[in-house]
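See below for start-v8.pdb, which holds PDB, C-alpha atoms.
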ATOM      1  CA  MET A 270     -27.218   1.397  -2.165  1.00  0.00           C
ATOM      2  CA  ALA A 271     -29.844   2.327   0.368  1.00  0.00           C
ATOM      3  CA  THR A 272     -30.606   0.110   3.346  1.00  0.00           C
ATOM      4  CA  THR A 273     -33.380   0.873   5.777  1.00  0.00           C
ATOM      5  CA  GLY A 274     -33.054   4.610   5.768  1.00  0.00           C
ATOM      6  CA  ARG A 275     -29.280   4.884   5.629  1.00  0.00           C
ATOM      7  CA  ASN A 276     -27.204   5.255   2.505  1.00  0.00           C
ATOM      8  CA  VAL A 277     -24.235   2.983   2.087  1.00  0.00           C
ATOM      9  CA  LEU A 278     -21.576   3.697  -0.498  1.00  0.00           C
ATOM     10  CA  ALA A 279     -20.086   0.378  -1.494  1.00  0.00           C
ATOM     11  CA  TRP A 280     -17.537  -1.054  -3.875  1.00  0.00           C
ATOM     12  CA  HIS A 281     -17.234  -4.711  -4.611  1.00  0.00           C
ATOM     13  CA  TRP A 282     -15.195  -6.772  -6.998  1.00  0.00           C
ATOM     14  CA  TYR A 283     -14.261 -10.346  -7.670  1.00  0.00           C
ATOM     15  CA  ASP A 284     -10.794 -11.781  -7.996  1.00  0.00           C
ATOM     16  CA  VAL A 285      -9.844 -15.012  -9.765  1.00  0.00           C
ATOM     17  CA  ASN A 286      -6.191 -15.852  -9.303  1.00  0.00           C
ATOM     18  CA  GLY A 287      -5.323 -12.183  -9.397  1.00  0.00           C
ATOM     19  CA  ALA A 288      -7.653 -11.202 -12.250  1.00  0.00           C
ATOM     20  CA  PRO A 289     -10.061  -8.612 -10.839  1.00  0.00           C
ATOM     21  CA  SER A 290     -13.490  -7.843 -12.245  1.00  0.00           C
ATOM     22  CA  HIS A 291     -16.690  -6.287 -11.022  1.00  0.00           C
ATOM     23  CA  SER A 292     -18.727  -8.321 -13.496  1.00  0.00           C
ATOM     24  CA  ARG A 293     -20.215 -11.646 -12.482  1.00  0.00           C
ATOM     25  CA  LEU A 294     -20.158 -12.827 -16.083  1.00  0.00           C
ATOM     26  CA  ARG A 295     -16.534 -11.795 -16.583  1.00  0.00           C
ATOM     27  CA  THR A 296     -15.612 -13.561 -13.347  1.00  0.00           C
ATOM     28  CA  LYS A 297     -17.216 -16.756 -14.623  1.00  0.00           C
ATOM     29  CA  VAL A 298     -15.254 -16.390 -17.848  1.00  0.00           C
ATOM     30  CA  ASN A 299     -12.047 -15.877 -15.853  1.00  0.00           C
ATOM     31  CA  GLU A 300     -12.763 -19.050 -13.912  1.00  0.00           C
ATOM     32  CA  ALA A 301     -13.395 -20.946 -17.134  1.00  0.00           C
ATOM     33  CA  LEU A 302     -10.166 -19.656 -18.671  1.00  0.00           C
ATOM     34  CA  GLU A 303      -8.234 -20.787 -15.622  1.00  0.00           C
ATOM     35  CA  ALA A 304      -9.855 -24.205 -15.808  1.00  0.00           C
ATOM     36  CA  LEU A 305      -8.959 -24.510 -19.504  1.00  0.00           C
ATOM     37  CA  ASP A 306      -5.349 -23.486 -18.918  1.00  0.00           C
ATOM     38  CA  PRO A 307      -3.311 -26.731 -18.759  1.00  0.00           C
ATOM     39  CA  VAL A 308      -1.051 -25.227 -16.115  1.00  0.00           C
ATOM     40  CA  GLY A 309      -3.633 -23.077 -14.430  1.00  0.00           C
ATOM     41  CA  VAL A 310      -5.365 -24.022 -11.234  1.00  0.00           C
ATOM     42  CA  VAL A 311      -8.271 -22.001  -9.915  1.00  0.00           C
ATOM     43  CA  SER A 312      -6.930 -21.914  -6.406  1.00  0.00           C
ATOM     44  CA  SER A 313      -7.905 -18.483  -5.251  1.00  0.00           C
ATOM     45  CA  VAL A 314     -11.264 -16.853  -5.858  1.00  0.00           C
ATOM     46  CA  ARG A 315     -12.644 -14.161  -3.674  1.00  0.00           C
ATOM     47  CA  MET A 316     -14.976 -11.249  -3.404  1.00  0.00           C
ATOM     48  CA  VAL A 317     -13.960  -8.009  -1.747  1.00  0.00           C
ATOM     49  CA  ALA A 318     -16.488  -5.434  -0.616  1.00  0.00           C
ATOM     50  CA  VAL A 319     -15.656  -2.066   0.869  1.00  0.00           C
ATOM     51  CA  SER A 320     -18.399   0.159   2.178  1.00  0.00           C
ATOM     52  CA  SER A 321     -18.905   3.377   4.050  1.00  0.00           C
ATOM     53  CA  GLU A 322     -21.872   5.315   5.257  1.00  0.00           C
ATOM     54  CA  GLN A 323     -20.359   8.553   4.032  1.00  0.00           C
ATOM     55  CA  ASP A 324     -21.823   9.615   0.712  1.00  0.00           C
ATOM     56  CA  ASP A 325     -18.997  11.778  -0.679  1.00  0.00           C
ATOM     57  CA  PHE A 326     -18.172   9.503  -3.569  1.00  0.00           C
ATOM     58  CA  GLU A 327     -15.032  11.220  -4.823  1.00  0.00           C
ATOM     59  CA  ALA A 328     -13.551  11.621  -1.371  1.00  0.00           C
ATOM     60  CA  MET A 329     -14.240   8.005  -0.546  1.00  0.00           C
ATOM     61  CA  ARG A 330     -12.826   6.803  -3.841  1.00  0.00           C
ATOM     62  CA  SER A 331      -9.590   8.692  -3.330  1.00  0.00           C
ATOM     63  CA  LEU A 332      -9.414   7.319   0.185  1.00  0.00           C
ATOM     64  CA  LEU A 333      -9.909   3.824  -1.138  1.00  0.00           C
ATOM     65  CA  ASP A 334      -7.247   4.273  -3.789  1.00  0.00           C
ATOM     66  CA  ALA A 335      -4.777   5.744  -1.356  1.00  0.00           C
ATOM     67  CA  GLN A 336      -5.080   3.423   1.563  1.00  0.00           C
ATOM     68  CA  VAL A 337      -7.407   0.475   1.396  1.00  0.00           C
ATOM     69  CA  ARG A 338      -6.091  -1.154  -1.749  1.00  0.00           C
ATOM     70  CA  GLY A 339      -2.548  -0.689  -0.544  1.00  0.00           C
ATOM     71  CA  ALA A 340      -3.396  -2.187   2.799  1.00  0.00           C
ATOM     72  CA  LEU A 341      -5.104  -5.167   1.177  1.00  0.00           C
ATOM     73  CA  ALA A 342      -2.151  -5.718  -1.128  1.00  0.00           C
ATOM     74  CA  ALA A 343       0.263  -5.500   1.775  1.00  0.00           C
ATOM     75  CA  ALA A 344      -1.783  -8.083   3.606  1.00  0.00           C
ATOM     76  CA  GLY A 345      -1.640 -10.346   0.576  1.00  0.00           C
ATOM     77  CA  ARG A 346      -5.375 -10.140   0.020  1.00  0.00           C
ATOM     78  CA  GLY A 347      -5.437  -7.887  -2.972  1.00  0.00           C
ATOM     79  CA  ALA A 348      -2.084  -8.584  -4.479  1.00  0.00           C
ATOM     80  CA  PRO A 349      -2.447 -10.560  -7.677  1.00  0.00           C
ATOM     81  CA  PRO A 350      -0.537 -13.828  -7.515  1.00  0.00           C
ATOM     82  CA  GLN A 351       2.010 -14.245 -10.251  1.00  0.00           C
ATOM     83  CA  ARG A 352       1.034 -16.621 -13.030  1.00  0.00           C
ATOM     84  CA  ARG A 353       3.510 -19.173 -14.076  1.00  0.00           C
ATOM     85  CA  GLY A 354       5.074 -18.159 -17.363  1.00  0.00           C
ATOM     86  CA  VAL A 355       5.061 -21.505 -19.115  1.00  0.00           C
ATOM     87  CA  SER A 356       4.685 -21.756 -22.845  1.00  0.00           C
ATOM     88  CA  MET A 357       1.796 -23.970 -23.845  1.00  0.00           C
ATOM     89  CA  THR A 358       3.813 -25.383 -26.727  1.00  0.00           C
ATOM     90  CA  ALA A 359       6.327 -26.792 -24.268  1.00  0.00           C
ATOM     91  CA  LEU A 360       3.731 -28.723 -22.330  1.00  0.00           C
ATOM     92  CA  PRO A 361       3.090 -32.394 -22.874  1.00  0.00           C
ATOM     93  CA  LYS A 362      -0.309 -33.133 -24.308  1.00  0.00           C
ATOM     94  CA  PRO A 363      -2.624 -34.357 -21.547  1.00  0.00           C
ATOM     95  CA  ALA A 364      -3.489 -38.004 -21.932  1.00  0.00           C
ATOM     96  CA  VAL A 365      -7.042 -37.469 -20.758  1.00  0.00           C
ATOM     97  CA  PRO A 366      -9.123 -34.946 -22.688  1.00  0.00           C
ATOM     98  CA  LEU A 367     -10.535 -32.040 -20.757  1.00  0.00           C
ATOM     99  CA  ILE A 368     -14.197 -31.429 -21.486  1.00  0.00           C
ATOM    100  CA  ALA A 369     -15.349 -27.935 -20.615  1.00  0.00           C
ATOM    101  CA  HIS A 370     -18.663 -26.230 -21.198  1.00  0.00           C
ATOM    102  CA  VAL A 371     -19.330 -22.581 -20.602  1.00  0.00           C
ATOM    103  CA  VAL A 372     -22.954 -22.145 -19.672  1.00  0.00           C
ATOM    104  CA  PHE A 373     -24.270 -18.625 -19.558  1.00  0.00           C
ATOM    105  CA  ARG A 374     -27.345 -19.026 -17.419  1.00  0.00           C
ATOM    106  CA  PHE A 375     -29.734 -21.538 -15.966  1.00  0.00           C
ATOM    107  CA  ASP A 376     -33.369 -20.691 -15.609  1.00  0.00           C
ATOM    108  CA  TYR A 377     -35.672 -21.702 -12.812  1.00  0.00           C
ATOM    109  CA  GLY A 378     -36.681 -25.290 -12.364  1.00  0.00           C
ATOM    110  CA  GLY A 379     -33.514 -27.014 -11.214  1.00  0.00           C
ATOM    111  CA  LEU A 380     -31.759 -27.005 -14.587  1.00  0.00           C
ATOM    112  CA  GLU A 381     -28.347 -26.524 -12.993  1.00  0.00           C
ATOM    113  CA  ASN A 382     -28.877 -29.510 -10.728  1.00  0.00           C
ATOM    114  CA  GLY A 383     -30.068 -31.561 -13.695  1.00  0.00           C
ATOM    115  CA  LEU A 384     -26.935 -30.821 -15.666  1.00  0.00           C
ATOM    116  CA  VAL A 385     -24.738 -31.630 -12.668  1.00  0.00           C
ATOM    117  CA  ASN A 386     -26.464 -34.983 -12.342  1.00  0.00           C
ATOM    118  CA  LEU A 387     -25.897 -35.732 -16.027  1.00  0.00           C
ATOM    119  CA  VAL A 388     -22.210 -34.856 -15.826  1.00  0.00           C
ATOM    120  CA  ASN A 389     -21.692 -36.801 -12.641  1.00  0.00           C
ATOM    121  CA  ARG A 390     -23.178 -39.903 -14.261  1.00  0.00           C
ATOM    122  CA  LEU A 391     -20.918 -39.875 -17.288  1.00  0.00           C
ATOM    123  CA  PRO A 392     -18.743 -42.970 -17.194  1.00  0.00           C
ATOM    124  CA  PRO A 393     -15.321 -41.755 -16.016  1.00  0.00           C
ATOM    125  CA  ILE A 394     -13.473 -44.862 -17.138  1.00  0.00           C
ATOM    126  CA  VAL A 395     -13.779 -46.612 -20.484  1.00  0.00           C
ATOM    127  CA  SER A 396     -11.749 -49.734 -21.275  1.00  0.00           C
ATOM    128  CA  GLY A 397      -9.746 -49.367 -18.076  1.00  0.00           C
ATOM    129  CA  THR A 398      -8.506 -45.833 -18.682  1.00  0.00           C
ATOM    130  CA  PRO A 399      -9.969 -42.470 -17.728  1.00  0.00           C
ATOM    131  CA  SER A 400     -11.895 -41.141 -20.712  1.00  0.00           C
ATOM    132  CA  TRP A 401     -12.422 -37.551 -19.692  1.00  0.00           C
ATOM    133  CA  ARG A 402     -11.832 -35.083 -16.945  1.00  0.00           C
TER     134      ARG A 402
ATOM    135  CA  MET B 251      -4.849   5.952  11.782  1.00  0.00           C
ATOM    136  CA  PHE B 252      -5.553   2.682  10.078  1.00  0.00           C
ATOM    137  CA  GLY B 253      -6.604  -0.527  11.700  1.00  0.00           C
ATOM    138  CA  PRO B 254      -9.394  -2.800  12.792  1.00  0.00           C
ATOM    139  CA  LEU B 255     -11.747  -1.430  15.401  1.00  0.00           C
ATOM    140  CA  GLY B 256     -14.290  -4.119  15.981  1.00  0.00           C
ATOM    141  CA  MET B 257     -16.892  -6.431  14.555  1.00  0.00           C
ATOM    142  CA  GLU B 258     -19.870  -4.172  13.996  1.00  0.00           C
ATOM    143  CA  ARG B 259     -21.856  -5.395  11.014  1.00  0.00           C
ATOM    144  CA  PRO B 260     -24.104  -2.689   9.648  1.00  0.00           C
ATOM    145  CA  TRP B 261     -23.970  -4.173   6.166  1.00  0.00           C
ATOM    146  CA  ARG B 262     -22.289  -7.154   4.655  1.00  0.00           C
ATOM    147  CA  PRO B 263     -22.888  -9.291   1.604  1.00  0.00           C
ATOM    148  CA  GLU B 264     -24.122 -12.827   1.961  1.00  0.00           C
ATOM    149  CA  LEU B 265     -21.973 -15.431   0.226  1.00  0.00           C
ATOM    150  CA  VAL B 266     -22.978 -19.020   0.764  1.00  0.00           C
ATOM    151  CA  GLY B 267     -20.318 -21.617   1.503  1.00  0.00           C
ATOM    152  CA  ALA B 268     -17.279 -19.333   1.577  1.00  0.00           C
ATOM    153  CA  ASP B 269     -14.273 -21.019   3.120  1.00  0.00           C
ATOM    154  CA  VAL B 270     -13.023 -17.828   4.720  1.00  0.00           C
ATOM    155  CA  GLU B 271     -14.997 -14.720   5.547  1.00  0.00           C
ATOM    156  CA  THR B 272     -13.393 -11.642   7.013  1.00  0.00           C
ATOM    157  CA  PHE B 273     -15.163  -8.515   8.113  1.00  0.00           C
ATOM    158  CA  ARG B 274     -13.369  -5.553   9.592  1.00  0.00           C
ATOM    159  CA  LEU B 275     -14.181  -1.984  10.457  1.00  0.00           C
ATOM    160  CA  LEU B 276     -11.250   0.176   9.496  1.00  0.00           C
ATOM    161  CA  SER B 277     -10.865   3.685  10.825  1.00  0.00           C
ATOM    162  CA  LEU B 278      -9.089   5.996   8.440  1.00  0.00           C
ATOM    163  CA  ARG B 279      -8.359   9.672   8.728  1.00  0.00           C
ATOM    164  CA  ARG B 280     -11.671  10.884   7.374  1.00  0.00           C
ATOM    165  CA  ALA B 281     -14.013   7.967   7.541  1.00  0.00           C
ATOM    166  CA  ASP B 282     -14.750   4.485   8.738  1.00  0.00           C
ATOM    167  CA  LEU B 283     -14.696   1.757   6.122  1.00  0.00           C
ATOM    168  CA  HIS B 284     -16.174  -1.683   6.351  1.00  0.00           C
ATOM    169  CA  VAL B 285     -14.128  -4.267   4.510  1.00  0.00           C
ATOM    170  CA  TYR B 286     -15.602  -7.657   3.739  1.00  0.00           C
ATOM    171  CA  LEU B 287     -13.684 -10.443   2.083  1.00  0.00           C
ATOM    172  CA  ALA B 288     -14.948 -13.903   1.179  1.00  0.00           C
ATOM    173  CA  SER B 289     -12.639 -16.541  -0.251  1.00  0.00           C
ATOM    174  CA  TYR B 290     -13.318 -19.913  -1.777  1.00  0.00           C
ATOM    175  CA  GLY B 291     -10.522 -22.457  -1.741  1.00  0.00           C
ATOM    176  CA  HIS B 292     -12.588 -25.143  -3.418  1.00  0.00           C
ATOM    177  CA  GLN B 293     -15.840 -24.589  -5.231  1.00  0.00           C
ATOM    178  CA  ALA B 294     -18.617 -27.101  -5.602  1.00  0.00           C
ATOM    179  CA  GLN B 295     -22.368 -27.202  -5.962  1.00  0.00           C
ATOM    180  CA  ASP B 296     -23.959 -24.727  -3.511  1.00  0.00           C
ATOM    181  CA  LYS B 297     -20.486 -23.411  -2.726  1.00  0.00           C
ATOM    182  CA  GLU B 298     -19.574 -20.963  -5.472  1.00  0.00           C
ATOM    183  CA  LEU B 299     -18.332 -17.428  -5.749  1.00  0.00           C
ATOM    184  CA  ILE B 300     -20.805 -16.614  -8.508  1.00  0.00           C
ATOM    185  CA  SER B 301     -24.126 -18.047  -7.535  1.00  0.00           C
ATOM    186  CA  ALA B 302     -27.753 -17.023  -7.413  1.00  0.00           C
ATOM    187  CA  GLN B 303     -27.653 -17.908  -3.730  1.00  0.00           C
ATOM    188  CA  ASN B 304     -25.202 -15.112  -3.030  1.00  0.00           C
ATOM    189  CA  HIS B 305     -26.532 -11.637  -2.404  1.00  0.00           C
ATOM    190  CA  LEU B 306     -24.794  -8.312  -2.208  1.00  0.00           C
ATOM    191  CA  VAL B 307     -27.703  -7.093  -0.125  1.00  0.00           C
ATOM    192  CA  PRO B 308     -29.230  -9.918   1.901  1.00  0.00           C
ATOM    193  CA  PHE B 309     -32.993 -10.082   1.671  1.00  0.00           C
ATOM    194  CA  ASP B 310     -33.423  -9.926   5.430  1.00  0.00           C
ATOM    195  CA  CYS B 311     -30.992  -7.041   5.926  1.00  0.00           C
ATOM    196  CA  GLY B 312     -33.811  -4.628   6.669  1.00  0.00           C
ATOM    197  CA  ALA B 313     -35.589  -7.063   8.950  1.00  0.00           C
ATOM    198  CA  LYS B 314     -32.461  -7.583  11.028  1.00  0.00           C
ATOM    199  CA  ARG B 315     -32.037  -3.851  11.397  1.00  0.00           C
ATOM    200  CA  ALA B 316     -35.669  -3.381  12.323  1.00  0.00           C
ATOM    201  CA  ARG B 317     -35.398  -5.983  15.065  1.00  0.00           C
ATOM    202  CA  ALA B 318     -32.173  -4.484  16.379  1.00  0.00           C
TER     203      ALA B 318
END
Show me this structure written as structure tokens.
Amino acid sequence: MATTGRNVLAWHWYDVNGAPSHSRLRTKVNEALEALDPVGVVSSVRMVAVSSEQDDFEAMRSLLDAQVRGALAAAGRGAPPQRRGVSMTALPKPAVPLIAHVVFRFDYGGLENGLVNLVNRLPPIVSGTPSWR
Amino acid sequence: MFGPLGMERPWRPELVGADVETFRLLSLRRADLHVYLASYGHQAQDKELISAQNHLVPFDCGAKRARA
């Protein structure tokens, strides 16, 4: 990555409840999978970026492997949280159905906002009981 | 040597609505590393980890440098 005359060597990755990925699409999928998991809660999402103005890629990568990731893990920032090992077959069936859509991309023109408005206006309660979540 | 040195910000991504942002300059044996971390505790509209509003390289990064 070049910025105003100086080269910056940078790494960045996303982390969803301990599942790392450098892909934006994969990160969205990870978030969706967590949302669909009856015992999963998307409680921790983050992006980590590490950069240096030195351009020796291999040297910087080994440095990152040796020290930065370890330091982040020790600080609790890069250490994947442990998932709860609960069998889905042992879980009670949720009374309220979970409706989930995975949308790949919205184009220009406020389509995302339009969909949010539609979802937010769905009647949450039918005949006195929640109909969806 | 490993540890934070200061708050210089030569480059940092731009993530809108992050609940926690941390930026540190770490001095290692052979190089200085800039570490940026943005966390979202709760995501909502205009407050998302993956969003078109977020930029790895902010558009005005060059302008800020030019003014500085």
Quick one: which chain A residues come within 8 Å of chain B, and what is the nearest atom pair for each with the distance in Å to one decimal, counting all atoms listed in the file, rows ordered by chain and ascending number, as a tab-separated table?
residue	atom	partner	partner_atom	distance
A:Thr272	CA	B:Gly312	CA	6.6
A:Thr273	CA	B:Gly312	CA	5.6
A:Arg293	CA	B:Ile300	CA	6.4
A:Thr296	CA	B:Ile300	CA	7.7
A:Lys297	CA	B:Ile300	CA	7.1
A:Ser312	CA	B:Gly291	CA	5.9
A:Ser313	CA	B:Gly291	CA	5.9
A:Val314	CA	B:Tyr290	CA	5.5
A:Arg315	CA	B:Ser289	CA	4.2
A:Met316	CA	B:Ala288	CA	5.3
A:Val317	CA	B:Leu287	CA	4.5
A:Ala318	CA	B:Tyr286	CA	5.0
A:Val319	CA	B:Val285	CA	4.5
A:Ser320	CA	B:His284	CA	5.1
A:Ser321	CA	B:Leu283	CA	5.0
A:Glu322	CA	B:Asp282	CA	8.0
A:Gln323	CA	B:Ala281	CA	7.3
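If you look at CA of Val395 (chain A) and CA of Ala294 (chain B), they are 25.0 Å away from each other.
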Counting only C-alpha atoms, closest pick from A:Phe326, A:Asn389, A:Glu381, A:Ala304 relative to Ala369 (chain A) is A:Ala304
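The coordinates place CA of Arg295 (chain A) at 27.7 Å from CA of Asn276 (chain A).
Rounded to one decimal, CA of Val371 (chain A) and CA of Ala301 (chain A) lie 7.1 Å from each other.
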Which residue gives the smallest distance to Glu303 (chain A) among A:Thr398, A:Asn382, A:Ser331, A:Asn286, with only C-alpha atoms counted? A:Asn286
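If all atoms listed in the file are the atoms counted, then among A:Leu387, A:Leu333, A:Val277, A:Leu305 the closest residue to Ile368 (chain A) is A:Leu305.
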